[in-house]
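Undergrad: Just one file: run34.cif, with mmCIF, C-alpha atoms.
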data_final
#
loop_
_atom_site.label_atom_id
_atom_site.label_comp_id
_atom_site.auth_asym_id
_atom_site.auth_seq_id
_atom_site.Cartn_x
_atom_site.Cartn_y
_atom_site.Cartn_z
CA VAL A 20 14.47 65.59 115.45
CA GLU A 21 12.64 63.19 113.15
CA ALA A 22 11.68 62.92 109.51
CA ALA A 23 8.55 61.07 108.53
CA GLY A 24 6.26 60.55 105.56
CA ALA A 25 3.17 62.72 105.68
CA ARG A 26 -0.12 63.13 103.94
CA GLY A 27 -2.09 66.32 103.63
CA GLY A 28 -5.03 67.74 101.76
CA SER A 29 -5.99 71.05 100.26
CA ARG A 30 -9.09 73.00 101.21
CA ARG A 31 -11.63 72.88 98.40
CA GLY A 32 -14.77 74.86 97.81
CA ALA A 33 -13.84 77.56 100.31
CA ALA A 34 -15.46 80.28 98.26
CA SER A 35 -18.62 78.22 97.95
CA LYS A 36 -18.81 78.11 101.71
CA ALA A 37 -18.72 81.87 101.73
CA GLY A 38 -21.60 82.07 99.29
CA LEU A 39 -19.63 82.90 96.14
CA ASP A 40 -20.49 81.52 92.72
CA GLU A 41 -16.99 80.18 92.11
CA GLU A 42 -14.90 77.70 94.01
CA GLU A 43 -11.76 78.89 95.71
CA PRO A 44 -8.81 77.77 93.56
CA THR A 45 -6.63 74.97 94.89
CA TYR A 46 -3.08 76.26 95.31
CA ALA A 47 -1.38 72.87 95.32
CA THR A 48 -1.15 70.00 92.89
CA GLY A 49 -2.23 66.44 93.54
CA ASP A 50 -3.28 65.18 96.93
CA LEU A 51 -0.10 66.42 98.63
CA SER A 52 1.01 62.93 99.57
CA GLY A 53 4.66 61.92 99.52
CA TYR A 54 6.32 64.79 101.36
CA LYS A 55 8.56 64.38 104.39
CA VAL A 56 8.55 66.45 107.55
CA PHE A 57 11.55 67.76 109.42
CA HIS A 58 10.35 67.96 113.02
CA LEU A 59 12.33 69.94 115.57
CA GLN A 60 10.86 68.85 118.88
CA GLU A 61 12.04 71.77 120.96
CA PRO A 62 11.13 75.48 121.21
CA TYR A 63 12.09 77.45 118.12
CA GLU A 64 12.74 81.17 118.55
CA LEU A 65 11.93 83.61 115.76
CA SER A 66 13.78 86.83 114.97
CA THR A 67 10.71 88.82 116.03
CA GLY A 68 10.93 87.44 119.57
CA GLY A 69 8.10 84.93 119.21
CA VAL A 70 8.66 81.30 120.11
CA LEU A 71 7.08 78.21 118.59
CA PRO A 72 6.87 75.16 120.87
CA GLU A 73 8.10 73.04 117.94
CA LEU A 74 9.02 73.46 114.29
CA LYS A 75 7.80 71.40 111.36
CA ILE A 76 9.04 71.91 107.80
CA ALA A 77 7.54 69.86 104.97
CA TYR A 78 9.93 69.10 102.14
CA GLU A 79 10.44 67.02 99.00
CA THR A 80 13.61 66.10 97.11
CA TRP A 81 14.67 65.03 93.62
CA GLY A 82 17.97 63.57 92.45
CA GLU A 83 20.75 62.19 94.64
CA LEU A 84 23.06 63.91 97.11
CA ASN A 85 26.64 63.18 96.07
CA ALA A 86 29.41 61.84 98.29
CA ASN A 87 30.79 65.33 98.95
CA ARG A 88 27.28 66.59 99.79
CA ASP A 89 27.91 69.71 97.71
CA ASN A 90 25.49 69.34 94.78
CA ALA A 91 22.32 70.49 96.56
CA ILE A 92 20.03 73.20 95.19
CA LEU A 93 17.46 74.75 97.51
CA LEU A 94 14.37 75.68 95.51
CA GLN A 95 12.52 78.44 97.36
CA CYS A 96 8.86 78.85 96.46
CA GLY A 97 6.28 81.59 96.32
CA MET A 98 3.85 82.50 99.05
CA SER A 99 1.07 80.01 98.40
CA ALA A 100 2.94 77.02 96.95
CA SER A 101 3.41 73.60 98.51
CA SER A 102 6.68 71.66 98.51
CA HIS A 103 5.44 69.64 95.52
CA ALA A 104 7.44 71.35 92.79
CA CYS A 105 7.76 68.23 90.65
CA SER A 106 6.38 64.70 90.40
CA HIS A 107 8.26 61.81 91.99
CA ALA A 108 7.67 58.22 93.08
CA GLY A 109 5.92 59.31 96.26
CA ASN A 110 3.53 61.61 94.41
CA PRO A 111 3.26 61.23 90.61
CA ALA A 112 1.07 64.34 90.20
CA LYS A 113 2.69 67.16 88.25
CA GLY A 114 4.23 69.86 90.41
CA TRP A 115 4.25 73.63 90.00
CA TRP A 116 7.78 73.61 88.42
CA GLU A 117 7.41 70.31 86.56
CA ASP A 118 9.00 71.68 83.38
CA PHE A 119 12.15 72.84 85.15
CA ILE A 120 13.16 69.88 87.34
CA GLY A 121 14.43 66.57 86.03
CA PRO A 122 17.04 64.98 83.75
CA GLY A 123 18.25 67.47 81.15
CA LYS A 124 16.11 70.28 82.55
CA PRO A 125 17.39 73.53 84.14
CA LEU A 126 17.53 71.91 87.58
CA ASP A 127 19.11 68.74 86.20
CA THR A 128 18.56 65.86 88.61
CA ARG A 129 21.36 63.87 86.94
CA ILE A 130 23.68 66.48 88.46
CA PHE A 131 21.89 68.16 91.34
CA PHE A 132 20.02 67.17 94.47
CA VAL A 133 17.00 69.49 94.54
CA ILE A 134 15.18 70.32 97.78
CA CYS A 135 11.93 72.27 98.08
CA THR A 136 10.12 73.15 101.29
CA ASN A 137 6.69 74.42 102.17
CA ASN A 138 7.46 77.78 103.76
CA LEU A 139 7.26 78.46 107.45
CA GLY A 140 3.79 79.93 107.87
CA GLY A 141 2.41 77.80 105.03
CA CYS A 142 -0.47 75.37 105.22
CA TYR A 143 0.92 72.33 103.42
CA GLY A 144 2.77 70.51 106.17
CA SER A 145 4.99 73.22 107.67
CA SER A 146 4.28 75.08 110.90
CA GLY A 147 1.76 77.85 110.26
CA PRO A 148 -1.47 79.39 111.57
CA SER A 149 -3.47 76.36 110.42
CA SER A 150 -1.21 73.95 112.35
CA ILE A 151 -2.20 72.38 115.63
CA ASP A 152 -0.60 73.94 118.69
CA PRO A 153 0.68 70.92 120.67
CA ARG A 154 0.17 72.80 123.93
CA ASP A 155 -3.64 72.76 123.70
CA GLY A 156 -4.62 70.81 120.57
CA ARG A 157 -6.13 73.86 118.85
CA ARG A 158 -5.09 75.54 115.63
CA TYR A 159 -2.74 78.47 116.17
CA GLY A 160 -4.81 80.92 114.13
CA SER A 161 -4.17 84.46 115.32
CA ARG A 162 -1.84 83.16 118.04
CA PHE A 163 0.82 82.16 115.51
CA PRO A 164 3.75 84.54 116.12
CA ARG A 165 4.79 87.14 113.55
CA PHE A 166 7.84 86.25 111.49
CA GLU A 167 10.07 87.64 108.76
CA VAL A 168 11.47 86.31 105.47
CA TYR A 169 14.67 85.66 107.38
CA ASP A 170 12.81 83.27 109.70
CA GLN A 171 11.60 81.28 106.70
CA VAL A 172 15.15 81.04 105.41
CA ALA A 173 16.57 80.17 108.83
CA ALA A 174 14.05 77.32 109.13
CA GLN A 175 15.17 76.01 105.73
CA PHE A 176 18.77 76.03 106.90
CA ARG A 177 17.81 74.07 110.00
CA LEU A 178 16.49 71.45 107.58
CA LEU A 179 19.80 71.57 105.69
CA ASP A 180 21.63 70.98 108.98
CA TYR A 181 19.47 67.92 109.55
CA LEU A 182 20.21 66.65 106.03
CA GLY A 183 23.94 67.11 106.61
CA ILE A 184 24.33 69.77 103.90
CA ASN A 185 26.82 72.41 104.95
CA ARG A 186 27.03 74.34 101.68
CA LEU A 187 24.53 74.66 98.84
CA HIS A 188 25.51 74.69 95.20
CA ALA A 189 22.78 77.31 94.78
CA CYS A 190 19.53 78.82 96.03
CA VAL A 191 16.88 79.34 93.35
CA GLY A 192 13.61 81.17 93.96
CA SER A 193 10.91 83.30 92.39
CA SER A 194 8.60 85.91 93.91
CA LEU A 195 8.76 85.44 97.69
CA GLY A 196 11.20 82.61 97.00
CA GLY A 197 13.42 85.05 95.12
CA MET A 198 13.48 87.28 98.20
CA GLN A 199 14.44 84.23 100.24
CA SER A 200 17.29 83.46 97.83
CA VAL A 201 18.69 86.98 98.25
CA CYS A 202 18.27 86.70 102.01
CA ALA A 203 19.97 83.29 102.12
CA ALA A 204 22.98 84.57 100.19
CA ALA A 205 23.23 87.66 102.41
CA ARG A 206 22.72 85.95 105.78
CA PHE A 207 24.54 82.67 105.06
CA PRO A 208 27.23 83.66 102.51
CA GLU A 209 29.54 80.83 103.55
CA ARG A 210 26.81 78.28 102.85
CA VAL A 211 25.48 79.51 99.48
CA GLY A 212 27.58 79.05 96.35
CA LYS A 213 25.24 80.90 93.97
CA PHE A 214 21.75 82.34 94.03
CA VAL A 215 19.09 82.93 91.38
CA SER A 216 16.38 85.45 92.21
CA ILE A 217 13.46 85.62 89.76
CA SER A 218 10.79 88.36 89.80
CA ALA A 219 11.84 89.46 93.28
CA CYS A 220 13.61 92.25 95.10
CA ALA A 221 15.96 92.88 97.99
CA LYS A 222 13.54 95.27 99.68
CA SER A 223 10.02 96.59 99.18
CA PHE A 224 9.38 100.12 97.97
CA PRO A 225 6.72 102.37 99.57
CA GLY A 226 4.23 101.86 96.74
CA SER A 227 4.51 98.10 97.09
CA MET A 228 4.02 98.29 100.84
CA ALA A 229 0.93 100.46 100.32
CA PHE A 230 -0.64 97.89 98.00
CA ARG A 231 0.13 95.05 100.44
CA HIS A 232 -1.49 97.05 103.24
CA ALA A 233 -4.61 97.48 101.11
CA GLN A 234 -4.64 93.74 100.36
CA ARG A 235 -4.36 92.80 104.04
CA THR A 236 -7.10 95.30 104.90
CA ALA A 237 -9.41 93.72 102.33
CA ILE A 238 -8.99 90.32 103.97
CA MET A 239 -9.25 91.58 107.54
CA GLN A 240 -12.46 93.51 106.82
CA ASP A 241 -14.19 90.36 105.57
CA PRO A 242 -16.58 89.38 108.42
CA ALA A 243 -15.40 85.78 108.08
CA TRP A 244 -11.85 86.86 109.02
CA ASN A 245 -12.80 86.63 112.71
CA ASN A 246 -9.49 88.15 113.81
CA GLY A 247 -7.61 85.32 112.11
CA ASP A 248 -9.45 82.50 113.90
CA TYR A 249 -11.58 81.26 111.02
CA TYR A 250 -10.42 77.65 110.68
CA ASP A 251 -13.55 76.13 112.18
CA SER A 252 -15.89 78.19 110.02
CA ASN A 253 -15.99 79.93 106.63
CA LEU A 254 -12.80 81.27 105.12
CA PRO A 255 -12.59 85.03 104.41
CA ALA A 256 -12.92 84.26 100.70
CA ASN A 257 -14.55 87.54 99.65
CA GLY A 258 -11.71 89.54 101.13
CA LEU A 259 -9.14 87.17 99.67
CA ARG A 260 -10.65 87.56 96.21
CA LEU A 261 -10.42 91.36 96.44
CA ALA A 262 -6.85 91.10 97.76
CA ARG A 263 -5.88 89.00 94.74
CA GLU A 264 -7.48 91.47 92.37
CA LEU A 265 -5.43 94.27 93.95
CA GLY A 266 -2.30 92.16 93.74
CA THR A 267 -2.85 91.40 90.07
CA ILE A 268 -2.77 95.12 89.32
CA THR A 269 0.78 95.29 90.69
CA TYR A 270 1.98 92.44 88.46
CA ARG A 271 1.50 94.42 85.26
#
Can the structure in the file be given as structure tokens, please?
TA:
Amino acid sequence: VEAAGARGGSRRGAASKAGLDEEEPTYATGDLSGYKVFHLQEPYELSTGGVLPELKIAYETWGELNANRDNAILLQCGMSASSHACSHAGNPAKGWWEDFIGPGKPLDTRIFFVICTNNLGGCYGSSGPSSIDPRDGRRYGSRFPRFEVYDQVAAQFRLLDYLGINRLHACVGSSLGGMQSVCAAARFPERVGKFVSISACAKSFPGSMAFRHAQRTAIMQDPAWNNGDYYDSNLPANGLRLARELGTITYR
């Protein structure tokens, strides 16, 4: 297992490639430099039965881990966020939770050691469909195995093992991250002191699942979807736009 500095970039102008009038928004701040990568160099089995040949989890930290190693807060992010929740020496760009992390702020770095990861399945440094499969040098694309929220949480706890953190002061998350916080407290109760779940739920209701199905269908019916193997061509931006419009309806 190794940790190393990493540099990544976001994909810009995806919608322009697909012939839209607007650019695809960039769902990360800055140039994504300054994160570290936890690299498990052995097969990693998922709860669904799939196996990854290796596991990479991008992460960033703020504050200092105390001598007892019991002041850590795991910040669990939404679906499309990077690990860059707040600026730091390695990347001074403002993060997506800039107003909540730092001295005197809700996640007070004078007291707590804050950790944020890019989720398993993400595209900002962690193993996901856009990652290179080391077995053949090609992007996983549609070959990336299915996984559950629990798998994302379990990967985060493998990172905690590497960092030598046996018990968290708290898990804090919103949206998908809030679901992860509930999952972490339920599946690892001896390792989570508290949890904060914001705008999330413990399970999805039928109406929510129906909307998500419609969103996925919108993306998959975009000709650029190409069965999930679109990384060397245009992104399915038209379908993604429609999926976001459907999702926005459910936020009201």
Undergrad: Which neighbours of Leu74 (chain A) fall inside 9 Å, counting all atoms listed in the file, when residues of the same chain fewer than 6 positions from it are skipped, and could you give them as an mmCIF file with C-alpha atoms, in the coordinates of the input?
TA:
data_model
loop_
_atom_site.group_PDB
_atom_site.id
_atom_site.type_symbol
_atom_site.label_atom_id
_atom_site.label_comp_id
_atom_site.auth_asym_id
_atom_site.auth_seq_id
_atom_site.Cartn_x
_atom_site.Cartn_y
_atom_site.Cartn_z
ATOM 1 C CA PHE A 57 11.550 67.760 109.420
ATOM 2 C CA HIS A 58 10.350 67.960 113.020
ATOM 3 C CA LEU A 59 12.330 69.940 115.570
ATOM 4 C CA GLN A 60 10.860 68.850 118.880
ATOM 5 C CA GLU A 61 12.040 71.770 120.960
ATOM 6 C CA PRO A 62 11.130 75.480 121.210
ATOM 7 C CA TYR A 63 12.090 77.450 118.120
ATOM 8 C CA LEU A 139 7.260 78.460 107.450
ATOM 9 C CA SER A 145 4.990 73.220 107.670
ATOM 10 C CA SER A 146 4.280 75.080 110.900
ATOM 11 C CA ALA A 174 14.050 77.320 109.130
#
Undergrad: Which residue is closest to Ser218 (chain A)? Choose from A:Ala256, A:Val168, A:Ile268, A:Cys96 and count only C-alpha atoms.
TA: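 Looking at the shortest contact to Ser218 (chain A), the residue is A:Cys96.
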Undergrad: Going by the chain IDs and residue numbers used in this file, which residues fall under the PyMOL selection byres ((chain A and resi 227-239) around 6)? Write them as a VMD selection string.
TA: chain A and resid 224 to 226 240 to 241 244 258 to 259 262
Undergrad: Residues within 10 Å of region 102-112 of chain A, please, as a VMD selection string. Count all atoms listed in the file; anything in the same chain fewer than 2 positions from it doesn't count.
TA: chain A and resid 24 47 to 55 76 to 82 94 to 96 100 114 to 121 133 to 138 141 143 to 145
Undergrad: Mind giving me the straight-line distance from CA of Asn185 (chain A) to CA of Arg129 (chain A) in Å, one decimal?
TA: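 These atoms are spaced 20.7 Å apart.
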Undergrad: For this file, the PyMOL selection byres ((chain A and resi 183) around 12) selects which residues, as an NGL selection string?
TA: :A and (84-89 or 91 or 176-182 or 184-187)
Undergrad: So how far away is CA of Val201 (chain A) from CA of Ile130 (chain A), in Å?
TA: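 Computing it gives 23.3 Å between the two atoms.
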Undergrad: Quick check on the file I pasted: which residues fall under the PyMOL selection byres ((chain A and resi 216) around 7)? Write them as a list of chain:residue names.
TA: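 When the PyMOL selection byres ((chain A and resi 216) around 7) is applied, the selected residues are A:Val191, A:Gly192, A:Ser193, A:Gly197, A:Met198, A:Ser200, A:Val201, A:Phe214, A:Val215, A:Ile217, A:Ser218, A:Ala219.
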Undergrad: Go ahead and write the selection's residues with C-alpha atoms as a PDB file, keeping the file's coordinate frame.
TA:
ATOM      1  CA  VAL A 191      16.880  79.340  93.350  1.00  0.00           C
ATOM      2  CA  GLY A 192      13.610  81.170  93.960  1.00  0.00           C
ATOM      3  CA  SER A 193      10.910  83.300  92.390  1.00  0.00           C
ATOM      4  CA  GLY A 197      13.420  85.050  95.120  1.00  0.00           C
ATOM      5  CA  MET A 198      13.480  87.280  98.200  1.00  0.00           C
ATOM      6  CA  SER A 200      17.290  83.460  97.830  1.00  0.00           C
ATOM      7  CA  VAL A 201      18.690  86.980  98.250  1.00  0.00           C
ATOM      8  CA  PHE A 214      21.750  82.340  94.030  1.00  0.00           C
ATOM      9  CA  VAL A 215      19.090  82.930  91.380  1.00  0.00           C
ATOM     10  CA  ILE A 217      13.460  85.620  89.760  1.00  0.00           C
ATOM     11  CA  SER A 218      10.790  88.360  89.800  1.00  0.00           C
ATOM     12  CA  ALA A 219      11.840  89.460  93.280  1.00  0.00           C
TER      13      ALA A 219
END
Undergrad: Go ahead and fit an axis-aligned box to every listed atom of region 241-255 of chain A plus 6 Å each side, and pass me the centre and edge lengths in Å, one decimal, as lines of an AutoDock Vina configuration file.
TA:
center_x = -12.1
center_y = 83.2
center_z = 109.2
size_x = 21.0
size_y = 26.2
size_z = 21.5
Undergrad: How many Å separate CA of Pro153 (chain A) from CA of Asn253 (chain A)?
TA: 23.6 Å
Undergrad: Between A:Gly160, A:Asp155, A:Lys213, A:Asp251, which is the closest to Cys142 (chain A) once you count only C-alpha atoms?
TA: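 Closest to Cys142 (chain A) of all the choices is A:Gly160.
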Undergrad: Check the smallest atom-to-atom distance from each of A:Tyr270, A:Glu167, A:Gly123, A:Arg260 to Gly68 (chain A) using only C-alpha atoms, then report the winner.
TA: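 Comparing A:Tyr270, A:Glu167, A:Gly123, A:Arg260 against Gly68 (chain A), the winner is A:Glu167.
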Undergrad: When you count all atoms listed in the file, which of these residues is closest to Phe163 (chain A): A:Glu264, A:Asn257, A:Thr128, A:Leu71?
TA: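 Going through A:Glu264, A:Asn257, A:Thr128, A:Leu71 one by one, the smallest distance to Phe163 (chain A) is for A:Leu71.
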